[in-house]
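Listing of start.cif, mmCIF, C-alpha atoms and all ligand atoms
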```cif
data_coords
#
loop_
_atom_site.label_atom_id
_atom_site.label_comp_id
_atom_site.auth_asym_id
_atom_site.auth_seq_id
_atom_site.Cartn_x
_atom_site.Cartn_y
_atom_site.Cartn_z
CA MET A 1 117.38 119.30 115.30
CA ALA A 2 117.58 123.06 115.51
CA LEU A 3 119.43 123.84 112.28
CA THR A 4 120.13 121.54 109.31
CA ILE A 5 122.13 122.66 106.29
CA LEU A 6 122.67 120.18 103.45
CA LYS A 7 124.93 121.03 100.55
CA GLY A 8 124.78 119.27 97.16
CA THR A 9 122.77 119.13 93.94
CA VAL A 10 119.33 119.98 95.29
CA ILE A 11 116.46 118.75 93.11
CA SER A 12 112.76 119.11 93.78
CA ALA A 13 109.46 118.90 91.90
CA PRO A 14 107.44 122.09 92.44
CA ALA A 15 104.73 121.16 89.89
CA LEU A 16 103.86 118.28 87.58
CA GLY A 17 106.52 118.23 84.88
CA LYS A 18 108.69 120.89 86.50
CA LEU A 19 112.01 120.43 88.25
CA ASP A 20 113.88 122.93 90.42
CA VAL A 21 117.63 122.31 90.37
CA THR A 22 120.26 124.10 92.43
CA GLU A 23 123.74 122.75 91.84
CA ARG A 24 126.12 123.14 94.76
CA GLY A 25 123.09 124.50 96.59
CA TYR A 26 122.09 124.65 100.24
CA LEU A 27 118.90 123.10 101.58
CA ILE A 28 118.23 124.66 104.96
CA ALA A 29 115.77 123.67 107.68
CA GLU A 30 115.20 125.12 111.13
CA GLU A 31 113.39 123.19 113.82
CA GLY A 32 112.63 120.57 111.18
CA LYS A 33 110.89 123.02 108.83
CA ILE A 34 112.37 124.04 105.50
CA THR A 35 113.63 127.60 105.27
CA GLY A 36 114.55 127.36 101.60
CA VAL A 37 117.02 126.26 98.95
CA PHE A 38 119.82 128.74 98.28
CA PRO A 39 122.55 128.91 95.60
CA VAL A 40 124.93 130.49 98.14
CA LEU A 41 124.87 130.19 101.90
CA PRO A 42 122.93 133.13 103.31
CA GLU A 43 125.04 135.31 105.54
CA GLN A 44 123.09 134.61 108.70
CA TYR A 45 124.21 130.97 108.55
CA ALA A 46 127.92 131.74 108.13
CA GLY A 47 129.90 129.53 110.48
CA ALA A 48 127.05 127.04 111.01
CA ALA A 49 127.72 123.32 110.49
CA VAL A 50 127.10 122.23 106.88
CA GLU A 51 126.57 118.60 105.91
CA ASP A 52 128.43 118.50 102.61
CA CYS A 53 126.98 115.79 100.36
CA GLY A 54 129.59 116.45 97.67
CA ASP A 55 128.31 115.76 94.19
CA ALA A 56 125.37 113.65 95.40
CA LEU A 57 121.74 114.46 94.65
CA ILE A 58 119.59 115.83 97.45
CA LEU A 59 116.00 114.82 96.67
CA GLN A 60 112.64 115.01 98.39
CA ALA A 61 112.05 111.75 100.25
CA PRO A 62 109.19 109.95 98.49
CA ALA A 63 105.83 108.89 99.93
CA ASP A 64 104.40 105.39 99.43
CA LEU A 65 100.66 105.87 99.56
CA HIS A 66 99.72 102.21 99.45
CA LEU A 67 101.35 99.08 100.83
CA HIS A 68 100.47 96.09 103.01
CA ALA A 69 102.88 95.62 105.92
CA PRO A 70 101.96 91.98 106.72
CA GLN A 71 102.56 90.97 103.11
CA TYR A 72 106.22 92.02 103.29
CA PRO A 73 107.44 88.46 104.03
CA MET A 74 105.89 87.20 100.76
CA MET A 75 107.27 89.99 98.56
CA GLY A 76 108.20 88.67 95.11
CA MET A 77 106.29 85.41 95.58
CA GLY A 78 102.99 83.98 94.38
CA MET A 79 102.43 86.11 91.34
CA ASP A 80 100.73 83.36 89.35
CA LEU A 81 97.15 84.21 90.26
CA PRO A 82 94.81 87.15 89.68
CA LEU A 83 93.66 89.29 92.59
CA LEU A 84 90.80 87.35 94.20
CA ASP A 85 92.55 83.96 94.01
CA TRP A 86 95.84 85.60 94.99
CA LEU A 87 94.23 86.99 98.15
CA ASN A 88 92.82 83.61 99.21
CA THR A 89 95.86 81.55 98.27
CA TYR A 90 98.74 83.80 99.34
CA ALA A 91 97.84 87.06 101.04
CA PHE A 92 95.31 85.87 103.61
CA PRO A 93 97.41 82.95 104.95
CA THR A 94 100.44 85.25 105.18
CA GLU A 95 98.48 87.92 107.07
CA ALA A 96 96.98 85.35 109.44
CA ARG A 97 100.42 84.82 110.96
CA PHE A 98 100.27 88.30 112.48
CA ALA A 99 98.08 87.02 115.26
CA ASP A 100 101.51 86.31 116.81
CA PRO A 101 102.97 89.53 118.26
CA ASP A 102 106.54 88.19 118.30
CA TYR A 103 106.39 87.44 114.62
CA ALA A 104 104.86 90.87 113.98
CA ARG A 105 107.67 92.56 115.91
CA GLU A 106 110.37 90.77 113.92
CA VAL A 107 108.82 91.49 110.51
CA TYR A 108 107.76 95.05 111.22
CA ARG A 109 111.12 96.09 112.65
CA ARG A 110 112.74 94.91 109.43
CA LEU A 111 110.10 96.54 107.25
CA ALA A 112 110.48 99.92 108.97
CA GLN A 113 114.25 99.85 108.61
CA ASP A 114 114.05 98.76 104.98
CA LEU A 115 111.61 101.54 104.12
CA ILE A 116 113.97 104.14 105.54
CA ALA A 117 116.98 102.58 103.82
CA ASN A 118 115.04 102.98 100.55
CA GLY A 119 114.35 106.63 101.36
CA THR A 120 110.59 106.28 101.98
CA THR A 121 109.62 108.50 104.91
CA ARG A 122 105.86 108.80 104.48
CA VAL A 123 103.30 106.03 104.07
CA CYS A 124 99.64 105.16 103.97
CA MET A 125 99.84 101.56 105.05
CA PHE A 126 97.53 98.61 105.64
CA SER A 127 98.26 96.42 108.64
CA SER A 128 96.29 93.20 109.16
CA LEU A 129 93.09 92.90 111.15
CA HIS A 130 95.11 92.25 114.34
CA ARG A 131 95.02 95.10 116.85
CA ARG A 132 98.18 94.17 118.73
CA ALA A 133 100.23 93.64 115.60
CA THR A 134 98.99 96.97 114.27
CA LEU A 135 100.21 98.76 117.39
CA ILE A 136 103.56 96.99 117.03
CA LEU A 137 103.75 98.13 113.42
CA MET A 138 103.07 101.74 114.43
CA GLU A 139 105.68 101.52 117.16
CA GLU A 140 108.36 100.18 114.83
CA LEU A 141 107.60 102.75 112.12
CA GLU A 142 107.76 105.58 114.65
CA LYS A 143 111.03 104.28 116.03
CA ALA A 144 112.65 104.00 112.58
CA GLY A 145 111.43 107.43 111.45
CA VAL A 146 108.67 106.44 109.03
CA THR A 147 105.75 108.87 109.31
CA GLY A 148 102.17 108.83 108.03
CA TYR A 149 99.09 106.69 108.46
CA VAL A 150 98.51 103.07 109.38
CA GLY A 151 95.21 101.22 109.38
CA LYS A 152 94.07 98.22 111.32
CA VAL A 153 92.30 96.35 108.52
CA ASN A 154 88.57 95.76 108.87
CA MET A 155 87.18 92.60 107.30
CA ASP A 156 84.03 90.85 108.56
CA ARG A 157 83.17 88.77 105.48
CA ASN A 158 84.76 86.84 102.62
CA GLY A 159 88.05 86.39 104.47
CA ALA A 160 89.54 83.07 105.61
CA PRO A 161 88.65 80.99 108.67
CA ASN A 162 91.69 82.35 110.48
CA LEU A 163 91.54 85.83 108.99
CA GLN A 164 88.13 87.30 109.58
CA GLU A 165 86.36 89.18 112.36
CA THR A 166 82.72 89.26 113.34
CA THR A 167 81.18 92.68 112.90
CA GLU A 168 81.15 93.12 116.68
CA GLU A 169 84.82 92.18 116.98
CA SER A 170 85.77 94.51 114.18
CA VAL A 171 83.97 97.43 115.81
CA ALA A 172 85.29 96.72 119.32
CA GLU A 173 88.88 96.08 118.23
CA THR A 174 88.93 99.20 116.05
CA LEU A 175 87.73 101.37 118.93
CA ARG A 176 90.25 99.83 121.28
CA TRP A 177 93.04 100.26 118.75
CA LEU A 178 92.18 103.96 118.41
CA GLU A 179 92.35 104.36 122.18
CA GLU A 180 95.69 102.59 122.35
CA CYS A 181 97.45 104.46 119.56
CA GLY A 182 97.03 107.87 121.15
CA ASP A 183 100.71 108.29 122.00
CA PHE A 184 102.26 108.05 118.57
CA ARG A 185 103.37 111.39 117.18
CA HIS A 186 104.33 110.73 113.60
CA VAL A 187 102.31 107.62 112.83
CA ARG A 188 98.57 108.17 113.01
CA PRO A 189 95.54 105.93 112.51
CA MET A 190 93.58 105.65 109.28
CA VAL A 191 90.19 104.02 108.78
CA THR A 192 90.76 100.93 106.62
CA PRO A 193 87.90 98.87 105.20
CA ARG A 194 89.94 96.29 103.26
CA PHE A 195 87.69 96.62 100.21
CA THR A 196 83.95 96.44 99.66
CA PRO A 197 83.75 92.62 99.39
CA SER A 198 85.47 92.32 102.83
CA CYS A 199 83.01 94.48 104.76
CA THR A 200 79.32 94.11 105.53
CA ASN A 201 77.12 97.16 105.10
CA GLU A 202 76.84 97.43 108.85
CA LEU A 203 80.62 97.58 109.22
CA MET A 204 80.98 100.08 106.37
CA ALA A 205 78.36 102.31 108.02
CA PHE A 206 80.21 102.14 111.35
CA LEU A 207 83.54 103.01 109.69
CA GLY A 208 82.03 105.96 107.84
CA ARG A 209 80.58 107.35 111.07
CA LEU A 210 83.87 106.79 112.86
CA ALA A 211 85.86 108.63 110.19
CA ALA A 212 83.47 111.58 110.38
CA GLU A 213 83.24 111.73 114.17
CA ARG A 214 86.99 111.48 114.75
CA ASP A 215 88.08 113.30 111.65
CA LEU A 216 90.15 110.36 110.40
CA PRO A 217 91.47 109.74 106.89
CA VAL A 218 90.30 106.67 104.95
CA GLN A 219 92.09 104.17 102.72
CA SER A 220 90.82 101.28 100.63
CA HIS A 221 90.93 99.66 97.19
CA LEU A 222 88.94 100.72 94.12
CA SER A 223 88.35 99.19 90.69
CA GLU A 224 91.55 97.15 90.70
CA ASN A 225 90.41 94.08 88.79
CA THR A 226 87.43 93.20 86.57
CA ALA A 227 86.30 90.16 88.58
CA GLU A 228 86.44 92.27 91.73
CA GLY A 229 84.32 94.96 90.05
CA ALA A 230 81.69 92.41 88.99
CA TRP A 231 81.60 91.01 92.53
CA VAL A 232 81.08 94.47 94.02
CA ARG A 233 78.15 95.11 91.67
CA GLU A 234 76.60 91.80 92.75
CA LEU A 235 77.04 92.67 96.43
CA HIS A 236 75.61 96.17 95.99
CA PRO A 237 72.88 96.01 93.34
CA ASP A 238 71.74 99.45 94.50
CA CYS A 239 75.07 101.00 93.44
CA ALA A 240 75.72 101.61 89.77
CA GLN A 241 79.48 101.89 90.35
CA TYR A 242 82.13 100.67 92.77
CA TRP A 243 82.89 104.11 94.24
CA GLU A 244 79.27 104.51 95.33
CA THR A 245 79.67 101.63 97.79
CA TYR A 246 82.14 103.84 99.68
CA ALA A 247 80.35 107.15 99.11
CA LYS A 248 77.09 105.68 100.44
CA TYR A 249 78.74 105.17 103.83
CA GLY A 250 80.68 108.42 104.11
CA LEU A 251 84.01 106.89 103.08
CA TRP A 252 84.56 109.14 100.09
CA ASN A 253 86.05 112.59 100.59
CA GLY A 254 89.18 114.73 100.36
CA ARG A 255 90.93 112.63 103.00
CA THR A 256 90.35 109.35 101.18
CA VAL A 257 93.00 107.42 99.27
CA MET A 258 91.89 104.69 96.90
CA ALA A 259 94.48 102.25 95.62
CA HIS A 260 94.66 101.18 91.97
CA CYS A 261 91.75 102.79 90.03
CA VAL A 262 92.70 100.66 87.01
CA TRP A 263 89.15 100.27 85.71
CA CYS A 264 87.58 103.59 86.73
CA ASP A 265 85.49 104.94 83.87
CA GLU A 266 84.80 108.60 83.19
CA ARG A 267 81.97 108.83 85.71
CA GLU A 268 83.98 107.18 88.47
CA ARG A 269 86.96 109.45 87.74
CA ARG A 270 84.67 112.48 87.87
CA ALA A 271 83.41 111.31 91.29
CA MET A 272 87.03 111.16 92.49
CA LYS A 273 87.76 114.63 91.22
CA ASP A 274 84.60 116.13 92.67
CA ALA A 275 85.22 114.63 96.12
CA GLY A 276 88.99 115.27 96.12
CA VAL A 277 89.78 111.57 96.53
CA THR A 278 93.41 110.63 95.83
CA ALA A 279 93.99 107.78 93.36
CA VAL A 280 97.05 105.73 94.26
CA HIS A 281 98.64 104.26 91.16
CA CYS A 282 100.46 100.97 91.89
CA PRO A 283 101.92 99.93 88.54
CA ASP A 284 104.10 97.04 89.75
CA SER A 285 101.21 95.32 91.45
CA ASN A 286 98.89 95.92 88.51
CA GLN A 287 101.28 94.02 86.26
CA ASN A 288 102.25 91.31 88.75
CA ILE A 289 98.73 90.16 89.51
CA CYS A 290 97.35 90.89 86.05
CA SER A 291 94.99 93.66 87.12
CA GLY A 292 95.49 95.88 84.10
CA VAL A 293 97.09 99.21 83.23
CA ALA A 294 95.72 102.23 85.07
CA PRO A 295 94.90 105.26 82.90
CA VAL A 296 97.26 107.49 84.84
CA ARG A 297 97.57 110.21 82.20
CA VAL A 298 93.80 110.46 81.82
CA LEU A 299 93.35 110.69 85.59
CA LEU A 300 95.85 113.55 85.70
CA ARG A 301 94.37 115.31 82.69
CA GLU A 302 90.92 115.19 84.23
CA GLY A 303 92.18 116.77 87.44
CA VAL A 304 92.10 113.74 89.74
CA LYS A 305 94.74 113.77 92.48
CA VAL A 306 97.20 110.96 91.74
CA ALA A 307 100.02 109.61 93.92
CA LEU A 308 102.10 106.42 93.73
CA GLY A 309 102.26 103.28 95.82
CA THR A 310 104.24 100.05 95.80
CA ASP A 311 101.30 97.90 96.99
CA VAL A 312 103.78 95.45 98.50
CA ALA A 313 103.29 92.53 98.21
CA GLY A 314 101.27 92.78 95.00
CA GLY A 315 104.26 94.99 94.23
CA ASP A 316 107.70 93.41 94.39
CA THR A 317 109.80 96.32 95.65
CA LEU A 318 109.77 98.86 98.48
CA SER A 319 111.64 101.35 96.31
CA MET A 320 109.62 104.37 95.23
CA LEU A 321 112.32 105.08 92.66
CA ASP A 322 111.38 101.75 91.08
CA ALA A 323 107.69 102.58 91.44
CA ALA A 324 108.24 105.84 89.55
CA ALA A 325 110.00 104.00 86.70
CA SER A 326 107.18 101.44 86.63
CA ALA A 327 104.65 104.25 86.38
CA ILE A 328 106.46 105.53 83.30
CA ARG A 329 106.44 102.06 81.73
CA ALA A 330 102.76 101.59 82.55
CA SER A 331 101.95 104.94 80.96
CA LYS A 332 103.75 103.79 77.81
CA ALA A 333 101.77 100.53 77.73
CA ARG A 334 98.65 102.63 78.16
CA ARG A 335 99.72 104.86 75.29
CA VAL A 336 99.94 101.85 73.00
CA MET A 337 96.57 100.55 74.26
CA ASP A 338 95.05 104.00 73.69
CA SER A 339 96.13 104.06 70.03
CA TRP A 340 98.91 106.56 70.81
CA LYS A 341 96.34 109.12 71.97
CA THR A 342 97.61 109.47 75.56
CA ASP A 343 101.06 110.73 76.48
CA PHE A 344 103.43 108.71 78.61
CA LEU A 345 104.82 110.18 81.82
CA SER A 346 108.19 111.86 81.75
CA ALA A 347 110.72 110.99 84.46
CA VAL A 348 110.19 114.44 85.93
CA GLU A 349 106.43 113.89 86.08
CA ALA A 350 106.79 110.44 87.62
CA TRP A 351 109.09 111.84 90.28
CA TYR A 352 106.54 114.56 91.07
CA LEU A 353 103.94 111.83 91.67
CA ALA A 354 106.29 109.83 93.92
CA ALA A 355 107.41 112.81 95.99
CA SER A 356 105.29 115.99 95.87
CA ALA A 357 101.93 114.40 95.05
CA GLY A 358 102.33 111.90 97.87
CA ALA A 359 103.42 114.58 100.33
CA ALA A 360 100.36 116.65 99.40
CA PHE A 361 98.16 114.09 101.18
CA PHE A 362 100.02 115.05 104.36
CA GLY A 363 99.31 118.75 103.87
CA GLN A 364 102.65 119.64 102.29
CA GLN A 365 103.32 122.11 99.50
CA PRO A 366 105.08 120.73 96.40
CA GLY A 367 108.87 120.53 96.32
CA PHE A 368 111.13 121.84 99.08
CA ALA A 369 108.71 124.68 99.79
CA GLN A 370 109.33 126.95 102.72
CA GLY A 371 107.52 125.66 105.79
CA ASN A 372 107.42 122.03 104.63
CA SER A 373 108.66 119.44 107.08
CA LEU A 374 112.18 118.32 106.09
CA HIS A 375 111.90 114.95 104.31
CA ALA A 376 115.00 114.47 102.19
CA LEU A 377 117.18 111.83 100.70
CA VAL A 378 120.83 111.90 99.62
CA LEU A 379 121.47 109.75 96.57
CA ASP A 380 124.99 109.01 95.38
CA ASP A 381 124.96 107.97 91.73
CA SER A 382 128.73 108.28 91.26
CA ARG A 383 129.25 104.55 90.70
CA LEU A 384 127.38 104.64 87.38
CA LEU A 385 129.36 105.12 84.19
CA GLN A 386 128.49 108.20 82.18
CA PRO A 387 128.34 108.36 78.38
CA HIS A 388 128.92 112.12 78.66
CA PRO A 389 128.64 114.67 81.46
CA LEU A 390 125.05 114.43 82.64
CA THR A 391 122.57 117.15 83.48
CA PRO A 392 120.82 116.87 86.85
CA GLU A 393 117.62 115.91 84.97
CA GLU A 394 119.44 113.04 83.27
CA ARG A 395 120.87 111.95 86.60
CA LEU A 396 117.41 111.88 88.15
CA GLU A 397 116.04 109.82 85.24
CA ARG A 398 118.81 107.27 85.70
CA CYS A 399 118.22 107.08 89.43
CA LEU A 400 114.61 106.09 88.74
CA TYR A 401 115.48 103.45 86.16
CA VAL A 402 118.73 101.95 87.41
CA ARG A 403 118.76 100.04 90.68
CA GLN A 404 121.83 101.13 92.61
CA PRO A 405 122.38 99.17 95.79
CA GLY A 406 123.83 101.41 98.47
CA ALA A 407 123.10 104.63 96.60
CA VAL A 408 120.87 106.04 99.36
CA ARG A 409 123.47 107.63 101.63
CA ALA A 410 121.33 109.52 104.14
CA VAL A 411 117.68 110.21 104.92
CA TRP A 412 115.90 112.94 106.91
CA SER A 413 112.33 112.46 108.07
CA ALA A 414 110.22 115.07 109.86
CA GLY A 415 113.40 117.10 110.35
CA ARG A 416 115.39 114.27 111.89
CA LYS A 417 118.29 112.39 110.36
CA VAL A 418 117.03 108.81 110.43
CA PHE A 419 119.49 107.01 108.19
CA SER A 420 123.16 107.26 107.36
CA ALA A 421 124.88 104.65 105.20
CA GLU A 422 128.06 105.27 107.23
CA ASP A 423 126.48 103.90 110.42
N1 LIG A 501 92.14 94.18 97.58
C1 LIG A 501 91.78 93.75 98.80
N2 LIG A 501 92.85 93.37 99.51
C2 LIG A 501 93.91 93.54 98.73
C3 LIG A 501 95.31 93.31 98.90
O1 LIG A 501 95.78 92.86 99.93
N3 LIG A 501 96.10 93.63 97.83
C4 LIG A 501 95.61 94.13 96.67
N4 LIG A 501 96.45 94.42 95.68
N5 LIG A 501 94.31 94.33 96.48
C5 LIG A 501 93.47 94.05 97.49
FE FE A 502 96.62 96.84 98.07
#
```

Would you mind writing the structure in this file as structure tokens?
Ligand code: GUN
Ligand code: FE
Amino acid sequence: MALTILKGTVISAPALGKLDVTERGYLIAEEGKITGVFPVLPEQYAGAAVEDCGDALILQAPADLHLHAPQYPMMGMGMDLPLLDWLNTYAFPTEARFADPDYAREVYRRLAQDLIANGTTRVCMFSSLHRRATLILMEELEKAGVTGYVGKVNMDRNGAPNLQETTEESVAETLRWLEECGDFRHVRPMVTPRFTPSCTNELMAFLGRLAAERDLPVQSHLSENTAEGAWVRELHPDCAQYWETYAKYGLWNGRTVMAHCVWCDERERRAMKDAGVTAVHCPDSNQNICSGVAPVRVLLREGVKVALGTDVAGGDTLSMLDAAASAIRASKARRVMDSWKTDFLSAVEAWYLAASAGAAFFGQQPGFAQGNSLHALVLDDSRLLQPHPLTPEERLERCLYVRQPGAVRAVWSAGRKVFSAED
């Protein structure tokens, strides 16, 4: 791992709406940490091995800040129902199968490999409520080179007969899971109340204390769907808004990611900004299960941290390139809904959300900043026809919009080469 030098068209997103491009440039990392991007090879590296990627694009590997591992087998299925019915009819029965460790092993090995083959090297991921399957998931991610956070899901109410814990079970299994996942280096635990309707107040209070005591990050769902929002208000008559049901129990801070945020109003958005909560925009899922169109531009304008997620299997693709294109489309739908008063996202902005904004949750600086852990992706777009010679910006835009099987040629994660299309 000591020294990595990649040569090609190096593209990174150092700020929202900004792109750094170095054609025929060198991306250099030492001991897995980025030294810099250079237009010519610095003298001290003369004679060192260079991985020449030719004319291919060298991009930051994206981060998927919200997806459900046990829903991977049902990806692209059962999109005919809105969220709450969809959970009961499709998601819960699918997740219940992960009581079987052999099944979990088979699915999670595939998922981990497929994530890497799509270039995704960082995740915030929901497992199911099963402790053993969650450990298997973490093991398979670590082995494949996927880094980030995984949560054993907590759900002690409103589940299904074969997919629900008692409060005591949820507490005991969560503690045991935390003990047993001590050895993983790149995949770490995350406190995961499924969403407010799935957790009793007692369980929420335990999870909040746990996150504080062990300094753990938190993930859940927020204001995804109108029926869900109404249900949350019924369950918590003391809370004026959905976010307060998390804040009340200490599950609302700068290490919290909240998926969706489709229906957050100004006050809820302000609470996100003030606490430093990251909103994870999942545009594919929001369309597929009729949740709505998240006000992504308004969230950004108001200073809320925003990243992207696939929300598989509400989402129908693991590709964060697809997710970025979907975010652009969603922002255009939103623009129409907002009487043309909000701007849509540019391709460069969407790519910032998929790559730099996601990496920020893991303590990284935007772009290929010096000192960042090397997470990179080599994308070969040479099979596409060109109407005229393209700029690197145009090439990036096309790589978001156009699905190109086999275009991901190589992937580095945490400094290590974890995928090569040649293998
Ligand atoms: N809210 C609670 N659970 C889920 C889930 O599995 N998927 C989505 N999209 N929303 C949820
Ligand atoms: Fe989700």

Counting only C-alpha atoms, which residues have an atom no more than 6 Å from (84.7, 90.5, 106.6) in the file's coordinates? Please list them as an NGL selection string.
:A and (155-159 or 164 or 198-199)

Would you pick out the contacts of region 110-116 of chain A at 9 Å or less, using all atoms listed in the file, so that residues sharing its chain but fewer than 6 positions from it are not included, and give the list as a PyMOL selection string?
chain A and resi 69+72+137+140-146+318-319+411+413+418-419

Contacts between ligand FE 502 (chain A) and chain A, please, where a residue of chain A counts if it comes within 8 Å (with only C-alpha atoms and all ligand atoms); show its shortest atom pair and distance in Å to one decimal, rows by chain and ascending number, as a tab-separated table.
```
residue	atom	partner	partner_atom	distance
A:His66	CA	A:FE502	FE	6.4
A:Leu67	CA	A:FE502	FE	5.9
A:His68	CA	A:FE502	FE	6.3
A:Phe126	CA	A:FE502	FE	7.8
A:Ser220	CA	A:FE502	FE	7.7
A:His221	CA	A:FE502	FE	6.4
A:Ala259	CA	A:FE502	FE	6.3
A:His260	CA	A:FE502	FE	7.7
A:Asp311	CA	A:FE502	FE	4.9
A:Val312	CA	A:FE502	FE	7.3
A:Ala313	CA	A:FE502	FE	7.9
A:Gly314	CA	A:FE502	FE	6.9
```

I need the residues from that last selection saved to file as an mmCIF file, in the coordinates of the input (with C-alpha atoms), if you can.
```
data_model
loop_
_atom_site.group_PDB
_atom_site.id
_atom_site.type_symbol
_atom_site.label_atom_id
_atom_site.label_comp_id
_atom_site.auth_asym_id
_atom_site.auth_seq_id
_atom_site.Cartn_x
_atom_site.Cartn_y
_atom_site.Cartn_z
ATOM 1 C CA HIS A 66 99.720 102.210 99.450
ATOM 2 C CA LEU A 67 101.350 99.080 100.830
ATOM 3 C CA HIS A 68 100.470 96.090 103.010
ATOM 4 C CA PHE A 126 97.530 98.610 105.640
ATOM 5 C CA SER A 220 90.820 101.280 100.630
ATOM 6 C CA HIS A 221 90.930 99.660 97.190
ATOM 7 C CA ALA A 259 94.480 102.250 95.620
ATOM 8 C CA HIS A 260 94.660 101.180 91.970
ATOM 9 C CA ASP A 311 101.300 97.900 96.990
ATOM 10 C CA VAL A 312 103.780 95.450 98.500
ATOM 11 C CA ALA A 313 103.290 92.530 98.210
ATOM 12 C CA GLY A 314 101.270 92.780 95.000
#
```

Quick one: pull the distance between CA of Cys261 (chain A) and CA of Leu163 (chain A), Å, one decimal.
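So the answer is 25.4 Å.
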
Which residue out of A:Ala240, A:Thr167, A:Pro82, A:Ser331 has the minimum interatomic distance to Glu224 (chain A) when only C-alpha atoms are used?
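Between A:Ala240, A:Thr167, A:Pro82, A:Ser331, the residue approaching Glu224 (chain A) most closely is A:Pro82.
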
So how far away is CA of Leu6 (chain A) from CA of Leu41 (chain A), in Å?
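Value for the CA of Leu41 (chain A)-CA of Leu6 (chain A) distance: 10.4 Å.
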
Hey, which bits of region 220-306 of chain A sit within 12 Å of region 86-89 of chain A, and for each residue what's the closest pair of atoms and how far apart in Å (one decimal), counting all atoms listed in the file, rows by chain and increasing number, as CSV?
```
residue,atom,partner,partner_atom,distance
A:Asn225,CA,A:Trp86,CA,11.8
A:Glu228,CA,A:Leu87,CA,11.4
A:Ser285,CA,A:Trp86,CA,11.7
A:Asn288,CA,A:Trp86,CA,10.6
A:Ile289,CA,A:Trp86,CA,7.7
A:Cys290,CA,A:Trp86,CA,10.5
A:Ser291,CA,A:Trp86,CA,11.3
```

Considering all atoms listed in the file, give me a table of residues in region 98-199 of chain A that are at most 9 Å from region 343-363 of chain A, with the closest atom pair and distance in Å for each, as CSV.
```
residue,atom,partner,partner_atom,distance
A:Arg122,CA,A:Ala359,CA,7.5
A:Val123,CA,A:Gly358,CA,8.6
A:Gly148,CA,A:Phe362,CA,7.5
```

From the list A:Cys181, A:Val153, A:Leu308, A:Met204, the nearest residue to Ala325 (chain A) using all atoms listed in the file is A:Leu308

Compare A:Leu135, A:Val262, A:Val107, A:Ala205 by their minimum atom-to-atom distance to ligand LIG 501 (chain A), counting only C-alpha atoms and all ligand atoms, and give me the closest one.
A:Val262

Would you pick out the contacts of Thr35 (chain A) at 8 Å or less, using only C-alpha atoms, so that residues sharing its chain but fewer than 5 positions from it are not included, and give the list as number ranges by chain?
A: 27-30, 369-371

Restricting the calculation to only C-alpha atoms: of A:Gly182, A:Pro73, A:Gly315, A:Pro217, which residue gets closest to Gln287 (chain A)?
A:Gly315

Any idea what's packed within 9 Å of Trp412 (chain A), counting all atoms listed in the file, ignoring anything in its chain fewer than 6 positions away? Could you give it as a ChimeraX atom specification?
/A:61,119,121,145,374-378,418-419

Which residues, written as a PyMOL selection string, have at least one atom at most 9 Å from Leu19 (chain A), with all atoms listed in the file counted and residues fewer than 4 positions away on the same chain left out?
chain A and resi 11-15+348-349+352+367+393

Given all atoms listed in the file as the basis, pick out the residue of A:Glu139, A:Asp85, A:Glu180, A:Glu213 nearest to ligand LIG 501 (chain A).
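Smallest distance to ligand LIG 501 (chain A) is found for A:Asp85.
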
Ranking A:Gly54, A:Gly47, A:Pro70, A:Gly8 by minimum distance to ligand LIG 501 (chain A) and counting all atoms listed in the file, which one comes first?
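Among A:Gly54, A:Gly47, A:Pro70, A:Gly8, it is A:Pro70 that comes nearest to ligand LIG 501 (chain A).
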
Kindly give the distance, in Å, that separates CA of Gly208 (chain A) and CA of Phe184 (chain A), rounded to a single decimal.
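Distance between the two atoms: 23.0 Å.
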
Show which residues sit within 7 Å of Val277 (chain A), as a list in words. Count all atoms listed in the file, and ignore same-chain residues fewer than 2 positions away.
Trp252, Asn253, Gly254, Arg255, Thr256, Val257, Met272, Lys273, Ala275, Ala279 and Lys305 of chain A
